[in-house]
file target_25.txt (compact mmCIF, C-alpha atoms)
# COMPACT_ATOMS: atom_id res chain seq x y z
CA MET W 1 8.71 -10.91 -15.18
CA ARG W 2 7.94 -8.04 -17.49
CA ALA W 3 10.46 -5.31 -18.20
CA LYS W 4 9.66 -1.77 -17.08
CA SER W 5 10.97 1.69 -17.85
CA ALA W 6 14.18 2.27 -15.92
CA CYS W 7 14.43 5.36 -13.71
CA ARG W 8 17.23 6.68 -11.59
CA VAL W 9 15.80 8.42 -8.54
CA SER W 10 17.45 10.38 -5.77
CA VAL W 11 15.10 11.12 -2.87
CA GLN W 12 15.54 13.01 0.39
CA LEU W 13 12.50 12.67 2.67
CA GLY W 14 11.72 14.42 5.91
CA GLY W 15 8.45 14.97 7.78
CA LEU W 16 5.06 14.90 6.13
CA LEU W 17 5.18 18.63 5.36
CA ALA W 18 8.92 18.93 5.11
CA GLY W 19 8.61 18.14 1.43
CA VAL W 20 10.56 16.04 -0.96
CA ILE W 21 13.70 16.96 -2.79
CA VAL W 22 13.75 14.76 -5.82
CA SER W 23 16.04 14.59 -8.81
CA VAL W 24 14.97 12.17 -11.48
CA SER W 25 16.41 11.26 -14.81
CA CYS W 26 14.21 8.78 -16.64
CA ILE W 27 14.74 6.61 -19.63
CA ALA W 28 10.95 6.67 -20.11
CA GLY W 29 7.65 7.43 -18.45
CA CYS W 30 8.49 8.72 -14.92
CA ALA W 31 6.38 11.27 -13.06
CA GLY W 32 7.35 13.31 -10.00
CA SER W 33 5.77 13.25 -6.54
CA THR W 34 3.20 15.85 -5.57
CA ARG W 35 3.26 15.51 -1.78
CA GLY W 36 5.96 14.96 0.83
CA GLY W 37 6.47 11.45 2.19
CA ALA W 38 7.27 10.18 5.66
CA PHE W 39 8.71 6.84 4.59
CA GLU W 40 12.43 7.01 3.99
CA PHE W 41 13.31 5.19 0.80
CA ILE W 42 16.87 3.93 0.92
CA GLY W 43 19.04 2.64 -1.89
CA THR W 44 19.01 5.38 -4.49
CA PRO W 45 19.81 5.60 -7.28
CA PHE W 46 17.70 2.45 -7.68
CA ALA W 47 18.50 -0.24 -10.17
CA ALA W 48 15.65 -1.00 -12.57
CA GLY W 49 13.53 -3.88 -11.29
CA SER W 50 10.77 -6.14 -12.52
CA GLY W 51 7.11 -5.27 -12.80
CA SER W 52 5.20 -3.03 -15.15
CA SER W 53 3.94 0.53 -15.21
CA VAL W 54 0.15 0.27 -15.30
CA SER W 55 -1.63 3.51 -16.04
CA GLY W 56 -4.78 2.01 -17.51
CA PRO W 57 -7.31 3.56 -19.84
CA ALA W 58 -9.19 6.76 -19.09
CA THR W 59 -12.08 4.74 -17.59
CA THR W 60 -10.28 3.07 -14.68
CA GLY W 61 -12.59 4.40 -11.98
CA ARG W 62 -9.87 6.74 -10.71
CA THR W 63 -11.97 9.80 -10.07
CA GLY W 64 -10.93 12.96 -8.29
CA GLY W 65 -7.67 14.82 -8.48
CA ALA W 66 -6.79 18.40 -9.28
CA VAL W 67 -9.54 18.74 -11.86
CA SER W 68 -12.31 17.89 -9.36
CA GLY W 69 -11.83 20.98 -7.19
CA GLY W 70 -13.16 21.18 -3.64
CA VAL W 71 -11.62 22.31 -0.37
CA ARG W 72 -8.75 20.13 0.83
CA ALA W 73 -7.75 21.35 4.28
CA ASP W 74 -6.23 19.61 7.27
CA VAL W 75 -7.91 19.34 10.69
CA ASP W 76 -6.21 18.51 13.96
CA PRO W 77 -6.95 14.79 14.55
CA CYS W 78 -7.70 15.61 18.19
CA GLN W 79 -10.71 17.60 16.94
CA GLU W 80 -12.08 14.76 14.80
CA PRO W 81 -15.22 12.96 16.04
CA GLN W 82 -14.74 9.33 17.02
CA PRO W 83 -16.18 7.74 13.83
CA ARG W 84 -13.64 9.67 11.74
CA LYS W 85 -10.74 8.18 13.67
CA TYR W 86 -11.33 4.95 11.72
CA VAL W 87 -11.56 3.59 8.22
CA ARG W 88 -13.45 0.36 7.44
CA ILE W 89 -11.54 -2.20 5.32
CA SER W 90 -12.72 -5.41 3.65
CA MET W 91 -10.76 -7.83 1.45
CA ARG W 92 -11.92 -10.60 -0.84
CA ASN W 93 -10.35 -12.99 -3.31
CA LEU W 94 -11.79 -13.55 -6.79
CA SER W 95 -8.84 -15.62 -8.04
CA SER W 96 -8.70 -19.42 -8.12
CA ASP W 97 -5.52 -19.42 -6.00
CA TYR W 98 -4.81 -18.69 -2.38
CA ILE W 99 -3.65 -15.12 -1.80
CA HIS W 100 -0.77 -14.52 0.60
CA TYR W 101 -0.60 -10.78 1.22
CA PHE W 102 1.59 -8.50 3.32
CA LEU W 103 -0.23 -5.47 4.70
CA ILE W 104 1.60 -2.68 6.51
CA LEU W 105 -0.27 0.34 7.90
CA VAL W 106 1.70 3.35 9.08
CA ALA W 107 0.16 6.13 11.18
CA TYR W 108 2.18 9.19 12.19
CA VAL W 109 1.55 11.00 15.46
CA ARG W 110 0.64 14.68 15.06
CA SER W 111 3.79 16.52 16.13
CA ASP W 112 6.38 19.01 14.97
CA THR W 113 8.01 16.10 13.15
CA TYR W 114 4.76 15.09 11.41
CA PRO W 115 2.41 18.10 11.22
CA GLU W 116 0.10 16.05 8.96
CA GLY W 117 0.14 13.01 11.25
CA ALA W 118 -3.19 11.18 11.47
CA VAL W 119 -2.91 10.31 15.18
CA CYS W 120 -3.90 12.52 18.09
CA PRO W 121 -1.33 11.85 20.83
CA SER W 122 -4.14 10.99 23.25
CA ASP W 123 -5.33 8.26 20.85
CA ILE W 124 -2.08 6.26 20.82
CA ASN W 125 -3.62 3.58 23.07
CA LEU W 126 -6.51 3.20 20.64
CA TYR W 127 -3.98 2.22 17.96
CA ARG W 128 -2.00 -0.04 20.29
CA GLN W 129 -5.13 -1.90 21.34
CA PHE W 130 -5.90 -2.66 17.70
CA GLY W 131 -2.43 -4.10 17.18
CA TYR W 132 -0.27 -1.21 16.03
CA THR W 133 3.29 -1.13 17.39
CA GLU W 134 4.46 2.21 18.71
CA VAL W 135 7.70 3.71 17.42
CA ARG W 136 8.57 6.52 19.82
CA ALA W 137 10.19 9.81 18.88
CA GLY W 138 13.89 9.28 18.26
CA GLN W 139 13.40 5.60 17.44
CA SER W 140 13.13 3.90 14.06
CA ARG W 141 11.82 0.59 12.77
CA ALA W 142 12.81 -1.15 9.53
CA TYR W 143 10.31 -3.07 7.39
CA GLY W 144 11.95 -4.49 4.31
CA ASN W 145 12.77 -1.57 2.05
CA TYR W 146 11.38 1.07 4.41
CA CYS W 147 12.45 2.89 7.55
CA ILE W 148 9.68 4.29 9.75
CA ARG W 149 10.87 6.93 12.19
CA GLY W 150 8.89 7.90 15.27
CA PRO W 151 6.67 9.20 16.61
CA ALA W 152 4.63 6.68 14.64
CA LEU W 153 2.59 3.50 14.89
CA VAL W 154 2.94 0.50 12.57
CA TYR W 155 0.54 -2.39 12.00
CA PHE W 156 1.89 -5.47 10.18
CA HIS W 157 -1.06 -7.79 9.65
CA ARG W 158 -0.54 -11.20 11.33
CA GLY W 159 3.20 -10.64 11.06
CA GLY W 160 2.91 -11.84 7.45
CA GLN W 161 2.06 -15.39 8.56
CA PHE W 162 0.17 -17.44 6.00
CA ARG W 163 -1.66 -19.43 8.68
CA GLY W 164 -2.79 -18.37 12.11
CA ALA W 165 -1.55 -20.01 15.29
CA GLY W 166 -2.96 -23.42 16.17
CA ALA W 167 -6.34 -24.13 14.65
CA GLN W 168 -7.17 -20.53 13.81
CA GLY W 169 -6.93 -21.15 10.08
CA LEU W 170 -5.51 -18.61 7.68
CA GLY W 171 -3.58 -15.57 8.86
CA SER W 172 -2.44 -13.10 6.19
CA ALA W 173 -4.04 -15.24 3.50
CA ILE W 174 -7.37 -15.66 1.72
CA ALA W 175 -8.67 -18.96 0.33
CA PRO W 176 -9.55 -19.28 -3.37
CA ALA W 177 -12.84 -18.06 -4.75
CA GLN W 178 -15.61 -20.58 -5.35
CA GLY W 179 -16.30 -20.04 -9.02
CA ARG W 180 -17.39 -16.41 -9.37
CA ASN W 181 -18.23 -16.24 -5.66
CA ALA W 182 -15.44 -14.42 -3.86
CA THR W 183 -13.94 -15.68 -0.62
CA TYR W 184 -13.57 -13.01 2.06
CA ASP W 185 -10.65 -12.54 4.40
CA SER W 186 -11.38 -13.95 7.86
CA PHE W 187 -10.35 -10.66 9.51
CA PHE W 188 -11.23 -8.04 6.90
CA GLY W 189 -14.57 -9.71 6.18
CA PRO W 190 -17.72 -8.75 4.23
CA ALA W 191 -18.84 -6.19 6.83
CA GLY W 192 -15.37 -4.67 6.90
CA GLN W 193 -13.02 -4.27 9.85
CA LEU W 194 -12.84 -0.91 11.65
CA VAL W 195 -9.18 0.12 11.58
CA PRO W 196 -7.68 3.16 13.35
CA VAL W 197 -6.95 5.36 10.38
CA PRO W 198 -3.36 5.26 9.04
CA ASN W 199 -1.48 7.80 6.96
CA TRP W 200 -0.26 5.11 4.58
CA ILE W 201 -1.50 1.72 3.37
CA ILE W 202 1.25 -0.32 1.77
CA PHE W 203 1.35 -3.91 0.55
CA HIS W 204 4.97 -4.95 1.01
CA ASN W 205 6.81 -8.14 1.96
CA PRO W 206 9.60 -7.15 4.37
CA GLY W 207 11.18 -10.60 4.08
CA GLN W 208 10.41 -11.67 7.63
CA GLY W 209 8.84 -14.89 8.88
CA ASP W 210 6.70 -16.61 6.27
CA GLY W 211 7.65 -13.89 3.81
CA ALA W 212 11.33 -14.73 3.72
CA ARG W 213 11.05 -17.75 1.42
CA LEU W 214 8.48 -16.08 -0.84
CA LYS W 215 10.43 -12.89 -1.43
CA VAL W 216 11.76 -12.26 -4.93
CA SER W 217 12.73 -8.58 -5.02
CA VAL W 218 15.81 -7.20 -3.29
CA SER W 219 15.14 -4.91 -0.34
CA ALA W 220 17.59 -2.51 1.26
CA PRO W 221 19.54 -4.55 3.84
CA GLU W 222 19.80 -1.54 6.19
CA PRO W 223 17.02 0.93 5.29
CA CYS W 224 17.55 3.01 8.44
CA ASN W 225 21.24 3.43 7.63
CA GLU W 226 21.43 5.89 4.73
CA SER W 227 25.14 5.27 4.20
CA ALA W 228 24.91 1.47 3.92
CA ALA W 229 26.54 0.45 0.66
CA GLY W 230 24.20 -2.49 0.05
CA ASN W 231 21.13 -0.24 -0.04
CA ALA W 232 22.07 0.98 -3.50
CA PHE W 233 21.27 -2.45 -4.96
CA ALA W 234 17.67 -2.55 -3.72
CA ASP W 235 14.92 -2.89 -6.30
CA PRO W 236 12.71 0.20 -6.79
CA PRO W 237 9.78 0.65 -4.38
CA CYS W 238 7.24 0.04 -7.16
CA ALA W 239 8.90 -3.31 -7.96
CA GLN W 240 8.96 -4.64 -4.38
CA ASP W 241 6.94 -7.77 -3.60
CA ALA W 242 3.39 -7.01 -2.42
CA PHE W 243 1.37 -10.26 -2.56
CA TYR W 244 1.51 -13.75 -4.06
CA TYR W 245 -0.63 -16.45 -5.61
CA VAL W 246 0.08 -19.64 -3.64
CA ASP W 247 -1.39 -23.10 -3.04
CA GLU W 248 -2.73 -24.49 0.23
CA PHE W 249 0.85 -25.22 1.33
CA ASP W 250 1.92 -21.60 0.76
CA SER W 251 4.01 -22.62 -2.25
CA ARG W 252 4.06 -20.17 -5.13
CA VAL W 253 1.75 -20.86 -8.06
CA GLY W 254 3.25 -19.84 -11.39
CA SER W 255 1.63 -18.82 -14.65
CA ARG W 256 2.02 -20.31 -18.11
CA MET W 257 1.09 -17.02 -19.73
CA LEU W 258 3.51 -14.55 -18.17
CA GLY W 259 6.28 -16.84 -16.98
CA SER W 260 7.26 -18.45 -13.70
CA GLY W 261 7.71 -15.13 -11.92
CA SER W 262 4.13 -13.94 -12.28
CA TYR W 263 3.07 -15.47 -8.97
CA VAL W 264 4.45 -12.33 -7.32
CA ARG W 265 2.68 -8.99 -7.68
CA THR W 266 4.12 -5.56 -7.02
CA PRO W 267 2.75 -2.09 -6.10
CA ASP W 268 2.66 -1.13 -9.77
CA GLU W 269 0.10 -3.93 -10.22
CA ILE W 270 -2.18 -2.53 -7.51
CA GLN W 271 -4.88 -0.04 -8.43
CA ASP W 272 -4.26 3.50 -7.22
CA THR W 273 -0.91 3.30 -5.56
CA GLY W 274 1.40 6.19 -6.34
CA CYS W 275 3.04 3.85 -8.84
CA THR W 276 -0.11 3.64 -11.00
CA CYS W 277 -1.32 7.20 -10.40
CA GLY W 278 1.64 8.87 -12.09
CA LEU W 279 3.02 10.13 -8.76
CA GLY W 280 6.49 8.73 -9.34
CA THR W 281 8.45 5.61 -8.49
CA ASP W 282 8.90 6.63 -4.83
CA ARG W 283 5.22 6.35 -3.80
CA PRO W 284 4.20 2.67 -3.70
CA PHE W 285 1.34 3.25 -1.26
CA GLN W 286 -2.18 4.62 -0.82
CA GLU W 287 -2.58 7.58 1.51
CA LEU W 288 -5.02 9.39 3.76
CA ALA W 289 -6.56 12.47 2.17
CA PRO W 290 -6.61 15.84 3.99
CA SER W 291 -9.46 15.97 6.49
CA THR W 292 -11.98 18.06 4.52
CA THR W 293 -11.50 16.13 1.28
CA THR W 294 -14.72 14.79 -0.22
CA ALA W 295 -15.26 11.90 -2.59
CA ALA W 296 -15.33 14.39 -5.45
CA SER W 297 -12.00 15.96 -4.53
CA ALA W 298 -10.03 12.85 -3.55
CA GLU W 299 -6.87 12.31 -5.54
CA CYS W 300 -6.11 9.04 -7.31
CA ASN W 301 -4.35 7.23 -4.46
CA GLU W 302 -6.31 8.66 -1.52
CA PHE W 303 -8.81 7.20 0.95
CA LEU W 304 -10.90 9.17 3.43
CA ARG W 305 -11.47 9.41 7.18
CA GLY W 306 -14.58 7.63 8.36
CA GLY W 307 -14.98 5.98 4.97
CA ARG W 308 -14.62 2.49 3.62
CA ILE W 309 -12.16 0.60 1.39
CA ASP W 310 -13.12 -2.62 -0.36
CA TYR W 311 -10.15 -4.53 -1.77
CA VAL W 312 -10.53 -7.34 -4.30
CA PHE W 313 -7.72 -9.66 -5.45
CA VAL W 314 -8.06 -10.95 -9.01
CA ARG W 315 -5.92 -12.97 -11.39
CA ASP W 316 -5.91 -12.29 -15.10
CA ASP W 317 -2.46 -12.93 -16.55
CA THR W 318 -2.82 -10.93 -19.74
CA GLU W 319 -0.56 -8.61 -21.68
CA PRO W 320 -0.66 -5.71 -21.22
CA PRO W 321 -1.30 -6.35 -17.52
CA PHE W 322 -3.73 -4.37 -15.40
CA PRO W 323 -3.96 -4.04 -11.59
CA GLN W 324 -4.45 -7.40 -9.89
CA LEU W 325 -5.51 -5.84 -6.58
CA VAL W 326 -8.31 -3.33 -7.09
CA TRP W 327 -10.19 -1.11 -4.66
CA ARG W 328 -13.41 0.82 -4.19
CA VAL W 329 -13.31 3.82 -1.86
CA THR W 330 -16.24 5.66 -0.30
CA ASP W 331 -16.36 8.59 2.07
CA ALA W 332 -18.08 8.77 5.46
CA GLY W 333 -21.41 9.54 3.79
CA GLY W 334 -21.18 6.65 1.33
CA ALA W 335 -20.26 8.75 -1.73
CA ARG W 336 -17.90 6.90 -4.03
CA ALA W 337 -14.42 8.35 -4.53
CA HIS W 338 -12.89 5.47 -6.55
CA ASP W 339 -14.44 2.41 -8.15
CA PHE W 340 -12.92 -0.94 -9.12
CA ASP W 341 -10.85 -0.90 -12.28
CA PRO W 342 -13.42 -2.08 -14.88
CA ARG W 343 -10.91 -4.47 -16.46
CA ALA W 344 -11.10 -6.60 -13.31
CA ARG W 345 -14.80 -7.23 -13.94
CA VAL W 346 -15.66 -7.34 -10.25
CA PRO W 347 -19.30 -8.53 -9.99

call {"tool": "encode", "arguments": {"input": "target_25.txt", "output": "structure tokens"}}
result
Amino acid sequence: MRAKSACRVSVQLGGLLAGVIVSVSCIAGCAGSTRGGAFEFIGTPFAAGSGSSVSGPATTGRTGGAVSGGVRADVDPCQEPQPRKYVRISMRNLSSDYIHYFLILVAYVRSDTYPEGAVCPSDINLYRQFGYTEVRAGQSRAYGNYCIRGPALVYFHRGGQFRGAGAQGLGSAIAPAQGRNATYDSFFGPAGQLVPVPNWIIFHNPGQGDGARLKVSVSAPEPCNESAAGNAFADPPCAQDAFYYVDEFDSRVGSRMLGSGSYVRTPDEIQDTGCTCGLGTDRPFQELAPSTTTAASAECNEFLRGGRIDYVFVRDDTEPPFPQLVWRVTDAGGARAHDFDPRARVP
């Protein structure tokens, strides 16, 4: 795998508006966070891990940000109309390999703990019916390198299983493209799947089930235990496993160009995570924008209520690398906030 700039990061995270206290000393190229996070990242200071820092050229399709202006205010989710309680997601594969991906959605319940939580308390059943698991106040749930503390809801797509149960075909996997014709995910298909809107979208292999034998990076063994000694040896969040190129037997497919480890991709090889937006090594996810954000005012790693996200997996093992999972984001009115990274040449 490619070498990356090594950073030592110390992070203390509270609620969504509690803020982040960060001290960073970087060997090269590290940027600080701009917004507080609700994930608790354990294992700092992190050891340098594999992966690469992908910032891309000026024409990556990453529009928005501070320079775009616009009003960015929060609205109580209980006051949002029903269509804005969802985001529509599609996924397709343009690579010649199977894709085995690990998708985790985290939605925080609006509360004193999470004053920016996306979930109205009366909508908890809406999330549970979709497949989110509730983490009640005072409880916590570990997923690989991350600890999610309640009140929250977590959706782990198909439990990370490559194939569905019985004859249902693929689970958290997408078959290879047919030439230049992409293959769509059976769940997040061409029309897109309506998903109760999360605060965070993260591609991360927690090392459970089918993911255990694929996992390459080292996660914190006890992410909900801040004093656990083994957490200090975890790889950085931006170098954690996100998705893999595999064959029909879910065996990893290597690359002759970038070495045997290039079958695994990390958040810093995904377009518009915090890792590629210059938001620091502690933000390996995409996040919900404040309620009144428009396509013109969306920041690099943000998606919007009532809008749509189209994800496309590609495979182009070149140096320097560019994001191998790209996205296009539109708002509720169809205005485009982010377009596919042009280097992916999505048709």

call {"tool": "closest_residue", "arguments": {"input": "target_25.txt", "among": "W:Val197, W:Ile89, W:Val106, W:Ala118", "to": "Tyr155 in chain W", "atoms": "all atoms listed in the file"}}
result
W:Val106

call {"tool": "residues_around", "arguments": {"input": "target_25.txt", "residues": "Asp316 in chain W", "least_positions_apart": "5", "cutoff": "8 Å", "atoms": "all atoms listed in the file", "output": "list in words"}}
result
Pro321, Gln324 and Ala344 of chain W

call {"tool": "write_last_selection", "arguments": {"input": "target_25.txt", "atoms": "C-alpha atoms", "output": "CSV table (one decimal), in the coordinates of the input"}}
result
chain,number,residue,atom,x,y,z
W,321,PRO,CA,-1.3,-6.4,-17.5
W,324,GLN,CA,-4.4,-7.4,-9.9
W,344,ALA,CA,-11.1,-6.6,-13.3

call {"tool": "residues_near_point", "arguments": {"input": "target_25.txt", "point": "(2.3, -5.4, 0.0)", "cutoff": "9 Å", "atoms": "all atoms listed in the file", "output": "list of chain:residue names"}}
result
W:Tyr101, W:Phe102, W:Leu103, W:Ile104, W:Ile201, W:Ile202, W:Phe203, W:His204, W:Asn205, W:Pro206, W:Gln240, W:Asp241, W:Ala242, W:Phe243, W:Arg265, W:Thr266, W:Pro267, W:Phe285

call {"tool": "residues_around", "arguments": {"input": "target_25.txt", "residues": "range 136-142 of chain W", "least_positions_apart": "3", "cutoff": "8 Å", "atoms": "only C-alpha atoms", "output": "list in words"}}
result
Asn145, Tyr146, Cys147, Ile148, Arg149, Gly150, Pro151, Ala152, Glu222, Pro223 and Cys224 of chain W

call {"tool": "closest_residue", "arguments": {"input": "target_25.txt", "among": "W:Ile99, W:Phe187, W:Ala232, W:Val109", "to": "Asn125 in chain W", "atoms": "all atoms listed in the file"}}
result
W:Val109

call {"tool": "atom_distance", "arguments": {"input": "target_25.txt", "atom1": "CA of Ala229 in chain W", "atom2": "CA of Asp282 in chain W"}}
result
19.5 Å

call {"tool": "decode", "arguments": {"input": "target_25.txt", "residues": "range 285-297 of chain W", "atoms": "N, CA and C atoms", "output": "tab-separated table (two decimals), in the first residue's frame"}}
result
chain	number	residue	atom	x	y	z
W	285	PHE	N	-15.85	10.47	7.18
W	285	PHE	CA	-17.24	10.25	6.82
W	285	PHE	C	-17.78	11.43	6.00
W	286	GLN	N	-18.99	11.25	5.49
W	286	GLN	CA	-19.76	12.32	4.87
W	286	GLN	C	-20.89	12.67	5.83
W	287	GLU	N	-21.33	13.93	5.84
W	287	GLU	CA	-22.25	14.34	6.89
W	287	GLU	C	-23.41	15.18	6.37
W	288	LEU	N	-24.49	15.16	7.15
W	288	LEU	CA	-25.68	15.91	6.83
W	288	LEU	C	-25.43	17.40	7.03
W	289	ALA	N	-25.79	18.20	6.04
W	289	ALA	CA	-25.64	19.64	6.14
W	289	ALA	C	-26.73	20.23	7.04
W	290	PRO	N	-26.49	21.41	7.63
W	290	PRO	CA	-27.57	22.09	8.36
W	290	PRO	C	-28.81	22.26	7.48
W	291	SER	N	-29.96	22.32	8.11
W	291	SER	CA	-31.23	22.18	7.41
W	291	SER	C	-31.44	23.15	6.26
W	292	THR	N	-31.04	24.41	6.40
W	292	THR	CA	-31.33	25.40	5.37
W	292	THR	C	-30.23	25.49	4.31
W	293	THR	N	-29.26	24.60	4.37
W	293	THR	CA	-28.18	24.60	3.38
W	293	THR	C	-28.74	24.29	1.99
W	294	THR	N	-28.26	25.02	1.00
W	294	THR	CA	-28.64	24.76	-0.38
W	294	THR	C	-27.49	24.07	-1.10
W	295	ALA	N	-27.73	23.68	-2.33
W	295	ALA	CA	-26.67	23.07	-3.13
W	295	ALA	C	-25.49	24.01	-3.26
W	296	ALA	N	-25.76	25.30	-3.35
W	296	ALA	CA	-24.69	26.29	-3.53
W	296	ALA	C	-23.86	26.49	-2.28
W	297	SER	N	-24.44	26.23	-1.11
W	297	SER	CA	-23.72	26.49	0.13
W	297	SER	C	-23.25	25.22	0.85
